[in-house]
Structures are given as structure tokens and as C-alpha cells.
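**Student:** Data file start32.cif (mmCIF, C-alpha atoms) is appended below.
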data_entry
#
loop_
_atom_site.group_PDB
_atom_site.id
_atom_site.type_symbol
_atom_site.label_atom_id
_atom_site.label_comp_id
_atom_site.auth_asym_id
_atom_site.auth_seq_id
_atom_site.Cartn_x
_atom_site.Cartn_y
_atom_site.Cartn_z
ATOM 1 C CA MET A 1 0.000 0.000 0.000
ATOM 2 C CA LYS A 2 1.712 3.198 -1.156
ATOM 3 C CA ILE A 3 1.014 5.866 1.391
ATOM 4 C CA PHE A 4 3.811 8.314 0.919
ATOM 5 C CA PHE A 5 5.318 7.771 -2.534
ATOM 6 C CA HIS A 6 5.657 11.421 -3.339
ATOM 7 C CA LYS A 7 5.754 12.461 0.292
ATOM 8 C CA ASN A 8 8.630 10.115 1.042
ATOM 9 C CA ILE A 9 10.589 10.175 -2.192
ATOM 10 C CA VAL A 10 9.946 13.855 -2.720
ATOM 11 C CA LEU A 11 9.879 15.397 0.736
ATOM 12 C CA ILE A 12 12.537 13.286 2.390
ATOM 13 C CA ILE A 13 14.716 13.547 -0.695
ATOM 14 C CA ALA A 14 13.732 17.139 -1.401
ATOM 15 C CA ILE A 15 14.506 18.266 2.119
ATOM 16 C CA MET A 16 17.209 15.908 3.328
ATOM 17 C CA LEU A 17 18.421 13.902 0.372
ATOM 18 C CA ILE A 18 16.771 15.849 -2.483
ATOM 19 C CA THR A 19 18.130 14.160 -5.536
ATOM 20 C CA LEU A 20 17.296 14.888 -9.099
ATOM 21 C CA GLY A 21 18.692 13.116 -12.126
ATOM 22 C CA LEU A 22 18.728 14.020 -15.824
ATOM 23 C CA THR A 23 21.055 12.975 -18.588
ATOM 24 C CA ALA A 24 23.269 15.915 -19.403
ATOM 25 C CA CYS A 25 26.631 16.650 -20.970
ATOM 26 C CA THR A 26 29.053 17.594 -18.200
ATOM 27 C CA THR A 27 32.111 18.156 -20.341
ATOM 28 C CA SER A 28 30.982 21.424 -21.907
ATOM 29 C CA THR A 29 31.520 24.697 -20.098
ATOM 30 C CA ASN A 30 30.257 26.923 -22.906
ATOM 31 C CA LYS A 31 28.998 30.176 -21.327
ATOM 32 C CA GLU A 32 25.714 30.078 -23.207
ATOM 33 C CA GLU A 33 25.043 26.579 -21.886
ATOM 34 C CA LEU A 34 25.907 27.636 -18.331
ATOM 35 C CA ASP A 35 23.598 30.631 -18.534
ATOM 36 C CA ASP A 36 20.806 28.316 -19.655
ATOM 37 C CA LYS A 37 21.149 26.381 -16.408
ATOM 38 C CA GLY A 38 18.598 27.391 -13.832
ATOM 39 C CA GLY A 39 18.490 26.850 -10.128
ATOM 40 C CA LEU A 40 16.478 27.958 -7.128
ATOM 41 C CA PHE A 41 18.349 31.065 -6.038
ATOM 42 C CA TRP A 42 17.239 34.298 -4.314
ATOM 43 C CA LYS A 43 18.530 37.137 -2.180
ATOM 44 C CA VAL A 44 17.095 39.323 0.548
ATOM 45 C CA GLU A 45 18.749 42.527 1.786
ATOM 46 C CA LYS A 46 18.525 44.945 4.693
ATOM 47 C CA ASN A 47 20.775 47.855 5.686
ATOM 48 C CA GLY A 48 23.798 46.633 3.751
ATOM 49 C CA THR A 49 23.459 42.979 4.741
ATOM 50 C CA THR A 50 22.702 40.419 2.044
ATOM 51 C CA VAL A 51 21.501 36.850 2.467
ATOM 52 C CA TYR A 52 21.786 34.729 -0.673
ATOM 53 C CA MET A 53 19.441 31.730 -0.529
ATOM 54 C CA LEU A 54 20.051 28.588 -2.580
ATOM 55 C CA GLY A 55 17.817 25.519 -2.809
ATOM 56 C CA SER A 56 20.100 22.545 -2.317
ATOM 57 C CA ILE A 57 20.195 19.025 -3.677
ATOM 58 C CA HIS A 58 21.728 16.873 -0.940
ATOM 59 C CA TYR A 59 22.407 13.844 -3.153
ATOM 60 C CA ALA A 60 23.419 14.654 -6.715
ATOM 61 C CA THR A 61 25.397 13.602 -9.764
ATOM 62 C CA GLU A 62 28.155 15.253 -11.771
ATOM 63 C CA ASP A 63 25.441 16.425 -14.183
ATOM 64 C CA TYR A 64 24.671 19.297 -11.806
ATOM 65 C CA TYR A 65 28.060 20.901 -12.314
ATOM 66 C CA PRO A 66 29.267 23.438 -13.066
ATOM 67 C CA LEU A 67 26.574 25.469 -11.318
ATOM 68 C CA HIS A 68 25.225 28.695 -12.767
ATOM 69 C CA PRO A 69 27.989 31.372 -12.653
ATOM 70 C CA GLU A 70 25.790 33.730 -10.617
ATOM 71 C CA ILE A 71 25.595 31.153 -7.823
ATOM 72 C CA GLU A 72 29.357 30.675 -7.674
ATOM 73 C CA THR A 73 29.989 34.431 -7.833
ATOM 74 C CA ALA A 74 27.637 35.064 -4.918
ATOM 75 C CA PHE A 75 29.374 32.383 -2.885
ATOM 76 C CA SER A 76 32.830 33.798 -3.580
ATOM 77 C CA LYS A 77 31.883 37.223 -2.203
ATOM 78 C CA SER A 78 30.049 35.905 0.868
ATOM 79 C CA ASP A 79 31.494 36.113 4.369
ATOM 80 C CA TYR A 80 29.596 33.144 5.792
ATOM 81 C CA LEU A 81 28.333 29.790 4.559
ATOM 82 C CA VAL A 82 25.079 28.799 6.276
ATOM 83 C CA VAL A 83 24.007 25.133 6.082
ATOM 84 C CA GLU A 84 21.522 22.848 7.806
ATOM 85 C CA SER A 85 24.351 20.736 9.182
ATOM 86 C CA ASN A 86 28.109 20.754 8.784
ATOM 87 C CA VAL A 87 28.394 17.132 7.728
ATOM 88 C CA LEU A 88 32.185 17.408 7.717
ATOM 89 C CA ASN A 89 31.972 17.355 11.536
ATOM 90 C CA GLN A 90 29.199 14.786 11.946
ATOM 91 C CA LYS A 91 29.330 12.603 15.076
ATOM 92 C CA ALA A 92 28.005 9.108 15.693
ATOM 93 C CA SER A 93 24.933 8.619 17.868
ATOM 94 C CA ARG A 94 23.235 5.732 19.641
ATOM 95 C CA LYS A 95 19.788 7.286 19.207
ATOM 96 C CA PRO A 96 18.896 5.083 16.195
ATOM 97 C CA LEU A 97 19.240 1.980 18.413
ATOM 98 C CA TYR A 98 16.545 0.591 20.694
ATOM 99 C CA ASP A 99 17.656 1.134 24.286
ATOM 100 C CA ASP A 100 15.510 -1.668 25.703
ATOM 101 C CA GLU A 101 15.346 -5.396 25.036
ATOM 102 C CA THR A 102 13.090 -5.047 21.991
ATOM 103 C CA SER A 103 14.093 -5.457 18.360
ATOM 104 C CA LEU A 104 12.859 -4.136 15.033
ATOM 105 C CA GLN A 105 10.741 -7.256 14.570
ATOM 106 C CA ASP A 106 8.866 -6.483 17.798
ATOM 107 C CA HIS A 107 7.774 -3.123 16.417
ATOM 108 C CA LEU A 108 6.764 -3.970 12.846
ATOM 109 C CA PRO A 109 3.683 -5.724 11.459
ATOM 110 C CA GLU A 110 4.596 -9.279 10.471
ATOM 111 C CA GLU A 111 3.943 -8.717 6.761
ATOM 112 C CA LEU A 112 6.080 -5.578 6.666
ATOM 113 C CA TYR A 113 8.912 -7.341 8.480
ATOM 114 C CA GLU A 114 8.884 -10.120 5.887
ATOM 115 C CA ASP A 115 8.808 -7.607 3.026
ATOM 116 C CA LEU A 116 11.668 -5.728 4.669
ATOM 117 C CA GLN A 117 13.794 -8.877 4.748
ATOM 118 C CA GLU A 118 13.254 -9.352 1.024
ATOM 119 C CA LYS A 119 14.034 -5.699 0.294
ATOM 120 C CA LEU A 120 17.249 -5.781 2.297
ATOM 121 C CA ASN A 121 18.318 -8.982 0.570
ATOM 122 C CA THR A 122 18.052 -7.255 -2.822
ATOM 123 C CA LEU A 123 20.403 -4.572 -1.479
ATOM 124 C CA GLY A 124 22.895 -7.039 -0.044
ATOM 125 C CA ILE A 125 21.985 -6.316 3.585
ATOM 126 C CA SER A 126 21.075 -8.936 6.190
ATOM 127 C CA ILE A 127 18.097 -8.283 8.461
ATOM 128 C CA ARG A 128 20.402 -9.190 11.366
ATOM 129 C CA GLN A 129 22.462 -6.087 10.640
ATOM 130 C CA VAL A 130 19.505 -3.784 11.321
ATOM 131 C CA GLU A 131 17.596 -5.756 13.964
ATOM 132 C CA ARG A 132 18.509 -3.348 16.786
ATOM 133 C CA TYR A 133 17.707 -0.203 14.815
ATOM 134 C CA LYS A 134 14.494 1.820 14.810
ATOM 135 C CA PRO A 135 12.279 2.029 11.712
ATOM 136 C CA TRP A 136 13.300 5.599 10.819
ATOM 137 C CA TYR A 137 16.963 4.628 10.634
ATOM 138 C CA VAL A 138 16.318 1.518 8.539
ATOM 139 C CA ASP A 139 14.118 3.633 6.260
ATOM 140 C CA LYS A 140 16.939 6.100 5.724
ATOM 141 C CA LEU A 141 19.507 3.320 5.246
ATOM 142 C CA ILE A 142 17.455 1.789 2.428
ATOM 143 C CA GLN A 143 17.060 5.191 0.785
ATOM 144 C CA ASP A 144 20.784 5.924 1.020
ATOM 145 C CA VAL A 145 21.739 2.584 -0.526
ATOM 146 C CA SER A 146 19.060 2.907 -3.219
ATOM 147 C CA LEU A 147 20.237 6.389 -4.166
ATOM 148 C CA HIS A 148 23.791 5.105 -4.450
ATOM 149 C CA ARG A 149 22.557 2.285 -6.693
ATOM 150 C CA ILE A 150 21.115 4.792 -9.187
ATOM 151 C CA GLY A 151 24.277 6.913 -9.158
ATOM 152 C CA GLU A 152 23.266 9.671 -6.737
ATOM 153 C CA GLU A 153 26.082 10.537 -4.334
ATOM 154 C CA PHE A 154 26.081 12.529 -1.114
ATOM 155 C CA SER A 155 29.630 13.606 -1.877
ATOM 156 C CA LEU A 156 28.304 15.385 -4.990
ATOM 157 C CA GLY A 157 25.509 17.188 -3.155
ATOM 158 C CA ILE A 158 25.355 20.965 -3.428
ATOM 159 C CA ASP A 159 25.809 21.420 0.332
ATOM 160 C CA MET A 160 28.982 19.354 0.195
ATOM 161 C CA HIS A 161 30.185 21.245 -2.875
ATOM 162 C CA PHE A 162 30.185 24.505 -0.932
ATOM 163 C CA LEU A 163 31.354 23.021 2.372
ATOM 164 C CA GLU A 164 34.470 21.734 0.631
ATOM 165 C CA LYS A 165 35.090 25.168 -0.916
ATOM 166 C CA SER A 166 34.564 27.128 2.294
ATOM 167 C CA THR A 167 38.118 27.074 3.630
ATOM 168 C CA ASP A 168 38.154 30.880 3.871
ATOM 169 C CA LYS A 169 34.644 31.287 5.287
ATOM 170 C CA GLU A 170 33.023 30.778 8.656
ATOM 171 C CA ILE A 171 30.451 27.971 8.572
ATOM 172 C CA ILE A 172 27.187 28.504 10.443
ATOM 173 C CA GLU A 173 25.078 25.454 11.284
ATOM 174 C CA LEU A 174 21.350 26.075 11.405
ATOM 175 C CA GLU A 175 20.564 22.737 13.026
ATOM 176 C CA GLY A 176 23.353 20.174 13.127
ATOM 177 C CA SER A 177 23.390 16.388 12.900
ATOM 178 C CA GLU A 178 22.192 15.897 16.483
ATOM 179 C CA PHE A 179 19.084 17.971 15.755
ATOM 180 C CA HIS A 180 18.294 15.843 12.699
ATOM 181 C CA ILE A 181 18.755 12.590 14.603
ATOM 182 C CA ASN A 182 16.524 13.801 17.438
ATOM 183 C CA MET A 183 13.883 14.956 14.963
ATOM 184 C CA PHE A 184 13.651 11.530 13.328
ATOM 185 C CA ASP A 185 13.838 9.805 16.683
ATOM 186 C CA ASN A 186 10.857 11.851 17.872
ATOM 187 C CA PHE A 187 8.683 10.786 14.951
ATOM 188 C CA SER A 188 5.740 8.765 16.226
ATOM 189 C CA GLU A 189 6.161 5.044 15.681
ATOM 190 C CA SER A 190 3.164 5.044 13.340
ATOM 191 C CA LEU A 191 4.870 7.636 11.126
ATOM 192 C CA GLN A 192 8.167 5.728 11.175
ATOM 193 C CA ILE A 193 6.389 2.539 10.139
ATOM 194 C CA ALA A 194 4.394 4.312 7.413
ATOM 195 C CA LEU A 195 7.563 5.777 5.910
ATOM 196 C CA LEU A 196 9.403 2.467 6.114
ATOM 197 C CA GLU A 197 6.483 0.649 4.487
ATOM 198 C CA ASP A 198 6.534 3.032 1.565
ATOM 199 C CA THR A 199 10.303 2.801 1.162
ATOM 200 C CA VAL A 200 10.213 -0.998 1.205
ATOM 201 C CA GLU A 201 7.667 -0.925 -1.633
ATOM 202 C CA THR A 202 9.564 1.634 -3.713
ATOM 203 C CA GLU A 203 11.572 0.131 -6.563
ATOM 204 C CA LEU A 204 14.848 1.495 -7.907
ATOM 205 C CA GLU A 205 13.125 2.564 -11.110
ATOM 206 C CA GLU A 206 10.811 4.797 -9.065
ATOM 207 C CA TYR A 207 13.827 6.427 -7.426
ATOM 208 C CA ARG A 208 15.290 6.958 -10.881
ATOM 209 C CA GLN A 209 12.041 8.423 -12.218
ATOM 210 C CA SER A 210 11.680 10.811 -9.273
ATOM 211 C CA SER A 211 15.336 11.729 -9.626
ATOM 212 C CA ASN A 212 14.784 12.657 -13.266
ATOM 213 C CA GLU A 213 11.729 14.742 -12.398
ATOM 214 C CA PHE A 214 13.528 16.717 -9.734
ATOM 215 C CA LYS A 215 16.647 17.347 -11.748
ATOM 216 C CA THR A 216 14.446 18.866 -14.442
ATOM 217 C CA ILE A 217 12.552 20.961 -11.886
ATOM 218 C CA TRP A 218 15.750 22.210 -10.241
ATOM 219 C CA GLU A 219 17.569 23.085 -13.459
ATOM 220 C CA ASN A 220 14.448 24.821 -14.782
ATOM 221 C CA GLY A 221 14.099 26.704 -11.498
ATOM 222 C CA ASP A 222 10.449 25.669 -11.446
ATOM 223 C CA LEU A 223 9.336 26.513 -7.904
ATOM 224 C CA GLY A 224 5.670 26.048 -8.769
ATOM 225 C CA GLU A 225 6.200 22.497 -9.994
ATOM 226 C CA LEU A 226 8.327 21.698 -6.946
ATOM 227 C CA GLU A 227 5.487 22.891 -4.718
ATOM 228 C CA GLU A 228 2.881 20.926 -6.652
ATOM 229 C CA ILE A 229 4.785 17.652 -6.432
ATOM 230 C CA SER A 230 6.072 18.125 -2.907
ATOM 231 C CA PHE A 231 2.715 18.940 -1.379
ATOM 232 C CA ALA A 232 0.418 16.727 -3.433
ATOM 233 C CA LEU A 233 -2.535 15.483 -1.391
ATOM 234 C CA LEU A 234 -2.455 11.997 0.035
ATOM 235 C CA GLU A 235 -4.501 9.398 -1.772
ATOM 236 C CA ASP A 236 -5.252 7.587 1.487
ATOM 237 C CA ASP A 237 -6.984 9.659 4.168
ATOM 238 C CA GLU A 238 -6.327 6.854 6.644
ATOM 239 C CA HIS A 239 -2.791 8.189 7.058
ATOM 240 C CA GLN A 240 -3.564 11.915 7.141
ATOM 241 C CA GLU A 241 -2.485 12.139 10.779
ATOM 242 C CA GLU A 242 0.966 10.756 9.967
ATOM 243 C CA TYR A 243 1.285 13.036 6.943
ATOM 244 C CA ASP A 244 0.366 16.085 9.034
ATOM 245 C CA GLU A 245 2.991 15.129 11.603
ATOM 246 C CA PHE A 246 5.587 14.701 8.868
ATOM 247 C CA ILE A 247 4.871 18.103 7.317
ATOM 248 C CA ASP A 248 4.835 19.830 10.704
ATOM 249 C CA LYS A 249 8.121 18.377 11.968
ATOM 250 C CA MET A 250 10.036 18.176 8.690
ATOM 251 C CA ILE A 251 8.867 21.391 7.054
ATOM 252 C CA THR A 252 6.761 23.872 9.007
ATOM 253 C CA GLN A 253 8.628 24.053 12.310
ATOM 254 C CA ARG A 254 12.015 24.077 10.627
ATOM 255 C CA ASN A 255 11.063 26.731 8.074
ATOM 256 C CA ILE A 256 9.863 29.048 10.826
ATOM 257 C CA ARG A 257 13.176 28.679 12.671
ATOM 258 C CA MET A 258 15.151 29.154 9.451
ATOM 259 C CA VAL A 259 13.335 32.396 8.687
ATOM 260 C CA GLU A 260 14.021 33.591 12.239
ATOM 261 C CA LYS A 261 17.737 32.960 11.636
ATOM 262 C CA ILE A 262 17.636 34.827 8.326
ATOM 263 C CA GLU A 263 16.080 37.781 10.143
ATOM 264 C CA GLU A 264 18.876 37.611 12.731
ATOM 265 C CA PHE A 265 21.444 37.716 9.925
ATOM 266 C CA LEU A 266 19.692 40.703 8.337
ATOM 267 C CA ASP A 267 19.790 42.569 11.650
ATOM 268 C CA SER A 268 23.550 42.039 12.015
ATOM 269 C CA ASP A 269 26.327 44.355 10.850
ATOM 270 C CA ALA A 270 26.777 44.644 7.093
ATOM 271 C CA GLN A 271 27.792 41.131 6.081
ATOM 272 C CA THR A 272 27.040 38.698 3.269
ATOM 273 C CA TYR A 273 25.617 35.250 3.993
ATOM 274 C CA PHE A 274 25.367 32.315 1.588
ATOM 275 C CA PHE A 275 22.408 30.297 2.886
ATOM 276 C CA VAL A 276 22.048 26.735 1.530
ATOM 277 C CA VAL A 277 19.166 24.484 2.602
ATOM 278 C CA GLY A 278 17.144 21.757 0.900
ATOM 279 C CA ALA A 279 15.097 22.962 -2.058
ATOM 280 C CA GLY A 280 11.915 21.669 -0.436
ATOM 281 C CA HIS A 281 12.121 24.378 2.230
ATOM 282 C CA TYR A 282 11.358 27.197 -0.210
ATOM 283 C CA PRO A 283 7.986 26.598 -1.959
ATOM 284 C CA GLY A 284 4.421 27.028 -0.746
ATOM 285 C CA ASP A 285 2.601 29.017 1.904
ATOM 286 C CA ILE A 286 4.837 27.518 4.593
ATOM 287 C CA GLY A 287 7.989 27.979 2.508
ATOM 288 C CA ILE A 288 10.861 30.318 3.326
ATOM 289 C CA ILE A 289 10.098 32.715 0.465
ATOM 290 C CA HIS A 290 6.467 33.256 1.453
ATOM 291 C CA LEU A 291 7.289 33.514 5.165
ATOM 292 C CA LEU A 292 9.887 36.223 4.495
ATOM 293 C CA GLU A 293 7.481 38.142 2.285
ATOM 294 C CA GLU A 294 4.861 37.943 5.031
ATOM 295 C CA GLN A 295 7.364 39.680 7.311
ATOM 296 C CA GLY A 296 7.635 42.518 4.799
ATOM 297 C CA TYR A 297 10.900 41.574 3.096
ATOM 298 C CA ASP A 298 11.427 41.954 -0.641
ATOM 299 C CA VAL A 299 12.836 38.657 -1.890
ATOM 300 C CA THR A 300 14.584 38.892 -5.262
ATOM 301 C CA ARG A 301 14.795 35.906 -7.602
ATOM 302 C CA LEU A 302 18.326 35.860 -9.027
ATOM 303 C CA ILE A 303 18.025 33.043 -11.542
ATOM 304 C CA HIS A 304 14.702 33.049 -13.301
ATOM 305 C CA GLU A 305 12.736 30.022 -14.388
ATOM 306 C CA VAL A 306 14.067 28.567 -17.623
#
Would you mind writing the file's structure down as C-alpha cells?

**Tutor:**
Amino acid sequence: MKIFFHKNIVLIIAIMLITLGLTACTTSTNKEELDDKGGLFWKVEKNGTTVYMLGSIHYATEDYYPLHPEIETAFSKSDYLVVESNVLNQKASRKPLYDDETSLQDHLPEELYEDLQEKLNTLGISIRQVERYKPWYVDKLIQDVSLHRIGEEFSLGIDMHFLEKSTDKEIIELEGSEFHINMFDNFSESLQIALLEDTVETELEEYRQSSNEFKTIWENGDLGELEEISFALLEDDEHQEEYDEFIDKMITQRNIRMVEKIEEFLDSDAQTYFFVVGAGHYPGDIGIIHLLEEQGYDVTRLIHEV
């Protein structure tokens, strides 16, 4: 039963892993071709302070590069790099593990547990390797391995691209890895199971298809299409409660805090910030762009829709 196909593959990927794939020639650096590349890129200014805002793809391919020249130029003249989490300093955690005597099998419906075993086998993973882990962690593990199988790499993500180039800039973490782990760990068990069920049923070809869709959307700079796909209504009202929880914890609460940080930056001394968060944080009535505009800021689109 597919509950979250576009919620899971779009929102989890769009916000945490967002991965888009499209066949493209990466050997050409012709200026006309670069200028045809889009992107989700804005700026907001106040009293001499500028915050550049880029929608990131956390898992990507070489096809994304080089980025549009305007993006790289803005980064080069920025004083700070602002990211969700500085993954270069990520620490291990025991939160994904059950801290009692129970196992994954004790928490999953029997049919889902059997399907999970089959899914893991196709990925070369034994169920014994994940027996002590919570559903949210196993869900993410399957996604990570599946993305790797279709050629999407975390090391090629846009966040990582700028983190590796930021040797002369101060890095500001908006959240950090511990925040992300705690957020997933605080998902209700029903939400964790719903997400895992969907991921178990999702085939590699569906990852590839979604990847292609999102690469097209990102390169076209199509914020409207990103919103439409990301926030499509559930087909199964039975799981509306889980979906609402997912949107609230993954999107709404975080977007509000991100906008508060942007406002803090804008109230600081004249500085330039390069703000990079998942592309899924920007669209819609609860997106960063709309929330800033509601506060009276003029948000300028720097790379227009192709």
C-alpha cells in the first residue's frame, strides 16, 4: 500500500536527500550553456546585509556541475556559509538503536517485516544487521543505498560542494546532525512505520524516475512544480495524521526557525551570507520565500525560471 510515494521520495529527498537526475553533458563549459542552467536562487537585503538563498540538492550527480555562474559568484563574495548541518563534523549517535530489550521485529507488522527482509536482501543487507535499529533509521539506510545504486552521491551534493570550498569562510550550522537525529527519533512510531512501508515498496526505477523529475525541476528553477509535487494530497486519508505530523516536523517548524535565523542575519552588521538548505524548504505558503514576504521583506529571484 503506497502511502507516501511522493511524500517520502519527494519530501525526504527534497529536504534531506533531495536528488534529481537528468542525462546531461558535463564536459561542456560553454557560457551560453551555463547561462541556460537554472536553479532555485534568491537574495534578501537589509541595511547593507545580504543573504543569498540557494535551494540545495543533498544527493546529486556530476550532471549538476558546473553550477550557474551567478551562484558561484555570490558564494565567492560571501562572508559566511550557512548550512543545515556541517556534515564534515558529523558525530556518531546511539539514538537510532533501541535502548531496551526489543528489536525491530517487535515493532513492525509481520507482513512488513517479511517484506523488509526481502528488500534488504536485494540490497545485499542482512536483516540481522539492522535488527537493533528503529524504523526511521532503517528507512533512511534503504534510501541511502538505493540512491547510491542509481548513481546519486552525497559527496556530490550541493551542500557538500560549498562546504568543501569554504576554507576561507566561517560555517554557520542552522541545526546540526544531532538535531536531525533527534527529529527523526521523535517521529511517532506510526509515522516511522508508514515511511518504512513506503520505502520498502519503492523500486529502484521509481527512485530513478523521481530523480529525473527533480533534476528537471531544479535546473528549470520551477518553484511552482516543486510545490505541486512536494505537497500533493495523500490518496489515502487513513494516514492523514501521519502526513500532518511529517509536514509539521520536517517542514513547518524548521522553516519558521530558518526564517528567524535569516532575520537575525539581516539585523547584524553589514555582512554577506550564503544560505544553503534543501530545495523543499522554499515553496508554498509555509515555505521560506512566502514567510519572508509575510514579514515585509522583498525577496529577489536571481536566476529566473528557464

**Student:** Work out how far apart CA of Ser177 in chain A and CA of Glu84 in chain A are and give it in Å to one decimal.

**Tutor:**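 For CA of Ser177 in chain A relative to CA of Glu84 in chain A, the distance reads 8.4 Å.
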
**Student:** List the residues matched by the PyMOL selection byres ((chain A and resi 128-143) around 9) in the displayed structure as a PyMOL selection string, ordered by chain and then by residue number.

**Tutor:** chain A and resi 9+13+17+95-99+102-105+107-108+119-120+123+125-127+144-148+184-185+187+189+191-193+195-200+207

**Student:** Just the number, please: distance in Å from CA of Glu152 in chain A to CA of Ala60 in chain A, one decimal.

**Tutor:** 5.0 Å

**Student:** Go ahead and fit an axis-aligned box to every listed atom of range 130-145 of chain A plus 6 Å each side, and pass me the centre and edge lengths in Å, one decimal, as JSON.

**Tutor:**
{"center_x": 17.0, "center_y": 0.2, "center_z": 8.1, "size_x": 21.5, "size_y": 23.9, "size_z": 29.3}

**Student:** By how many Å are CA of Leu291 in chain A and CA of Leu81 in chain A apart?

**Tutor:**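 These atoms are spaced 21.4 Å apart.
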
**Student:** Of the candidates A:Phe265, A:Tyr64, A:Tyr52, A:Phe179, which shows the shortest atom-to-atom distance to Val277 in chain A, using only C-alpha atoms?

**Tutor:**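 The shortest atom-to-atom distance to Val277 in chain A comes from A:Tyr52.
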
**Student:** So which residues fall inside 10 Å of (32.2, 21.4, 3.3) if we count all atoms listed in the file? Mind giving them as a PyMOL selection string?

**Tutor:** chain A and resi 81+83+85-89+155+158-167+171

**Student:** Could you list, as a CSV table (one decimal) with C-alpha atoms, in the coordinates of the input, every residue matched by the PyMOL selection byres ((chain A and resi 72) around 12) in this structure?

**Tutor:**
chain,number,residue,atom,x,y,z
A,34,LEU,CA,25.9,27.6,-18.3
A,39,GLY,CA,18.5,26.8,-10.1
A,41,PHE,CA,18.3,31.1,-6.0
A,52,TYR,CA,21.8,34.7,-0.7
A,54,LEU,CA,20.1,28.6,-2.6
A,65,TYR,CA,28.1,20.9,-12.3
A,66,PRO,CA,29.3,23.4,-13.1
A,67,LEU,CA,26.6,25.5,-11.3
A,68,HIS,CA,25.2,28.7,-12.8
A,69,PRO,CA,28.0,31.4,-12.7
A,70,GLU,CA,25.8,33.7,-10.6
A,71,ILE,CA,25.6,31.2,-7.8
A,73,THR,CA,30.0,34.4,-7.8
A,74,ALA,CA,27.6,35.1,-4.9
A,75,PHE,CA,29.4,32.4,-2.9
A,76,SER,CA,32.8,33.8,-3.6
A,77,LYS,CA,31.9,37.2,-2.2
A,78,SER,CA,30.0,35.9,0.9
A,158,ILE,CA,25.4,21.0,-3.4
A,161,HIS,CA,30.2,21.2,-2.9
A,162,PHE,CA,30.2,24.5,-0.9
A,165,LYS,CA,35.1,25.2,-0.9
A,166,SER,CA,34.6,27.1,2.3
A,274,PHE,CA,25.4,32.3,1.6

**Student:** Let me know the residues the PyMOL selection byres ((chain A and resi 250-264) around 8) catches in the file above, as a VMD selection string.

**Tutor:** chain A and resid 15 51 174 246 to 249 265 to 268 281 286 to 288 291 to 292

**Student:** Between A:Thr272, A:Asn182, A:Asn121, A:Gln295, single out the one closest to Arg94 in chain A, counting all atoms listed in the file.

**Tutor:** A:Asn182

**Student:** Choose the residue, out of A:Thr61, A:Gln209, A:Ser188, A:Ser56, that has the smallest atom-to-atom separation from Tyr243 in chain A; count only C-alpha atoms.

**Tutor:** A:Ser188

**Student:** Using only C-alpha atoms, can you tell me which of A:Glu225, A:Glu153, A:Glu242, A:Glu101 comes closest to Glu213 in chain A?

**Tutor:** A:Glu225

**Student:** Counting only C-alpha atoms, I want the residues whose atoms come within 8 Å of (12.0, 25.1, -2.0) in the file frame, returned as a PyMOL selection string.

**Tutor:** chain A and resi 40+55+223+226-227+278-284+287-288

**Student:** Could those residues be written to a file, using C-alpha atoms, as an mmCIF file, in the frame of the given file?

**Tutor:**
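Below is the file again-v9.cif, written as the result:
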data_model
loop_
_atom_site.group_PDB
_atom_site.id
_atom_site.type_symbol
_atom_site.label_atom_id
_atom_site.label_comp_id
_atom_site.auth_asym_id
_atom_site.auth_seq_id
_atom_site.Cartn_x
_atom_site.Cartn_y
_atom_site.Cartn_z
ATOM 1 C CA LEU A 40 16.478 27.958 -7.128
ATOM 2 C CA GLY A 55 17.817 25.519 -2.809
ATOM 3 C CA LEU A 223 9.336 26.513 -7.904
ATOM 4 C CA LEU A 226 8.327 21.698 -6.946
ATOM 5 C CA GLU A 227 5.487 22.891 -4.718
ATOM 6 C CA GLY A 278 17.144 21.757 0.900
ATOM 7 C CA ALA A 279 15.097 22.962 -2.058
ATOM 8 C CA GLY A 280 11.915 21.669 -0.436
ATOM 9 C CA HIS A 281 12.121 24.378 2.230
ATOM 10 C CA TYR A 282 11.358 27.197 -0.210
ATOM 11 C CA PRO A 283 7.986 26.598 -1.959
ATOM 12 C CA GLY A 284 4.421 27.028 -0.746
ATOM 13 C CA GLY A 287 7.989 27.979 2.508
ATOM 14 C CA ILE A 288 10.861 30.318 3.326
#

**Student:** Can you work out which one of A:Val276, A:Ala92, A:Leu156, A:Ile303 has the shortest atom-to-atom distance to Asp222 in chain A, counting only C-alpha atoms?

**Tutor:**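 Looking only at the distances to Asp222 in chain A, the closest residue turns out to be A:Ile303.
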
**Student:** Of the residues A:Glu201, A:Tyr80, A:Leu302, A:Ile229, which is the one nearest to Gln117 in chain A, using all atoms listed in the file?

**Tutor:**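 Going through A:Glu201, A:Tyr80, A:Leu302, A:Ile229 one by one, the smallest distance to Gln117 in chain A is for A:Glu201.
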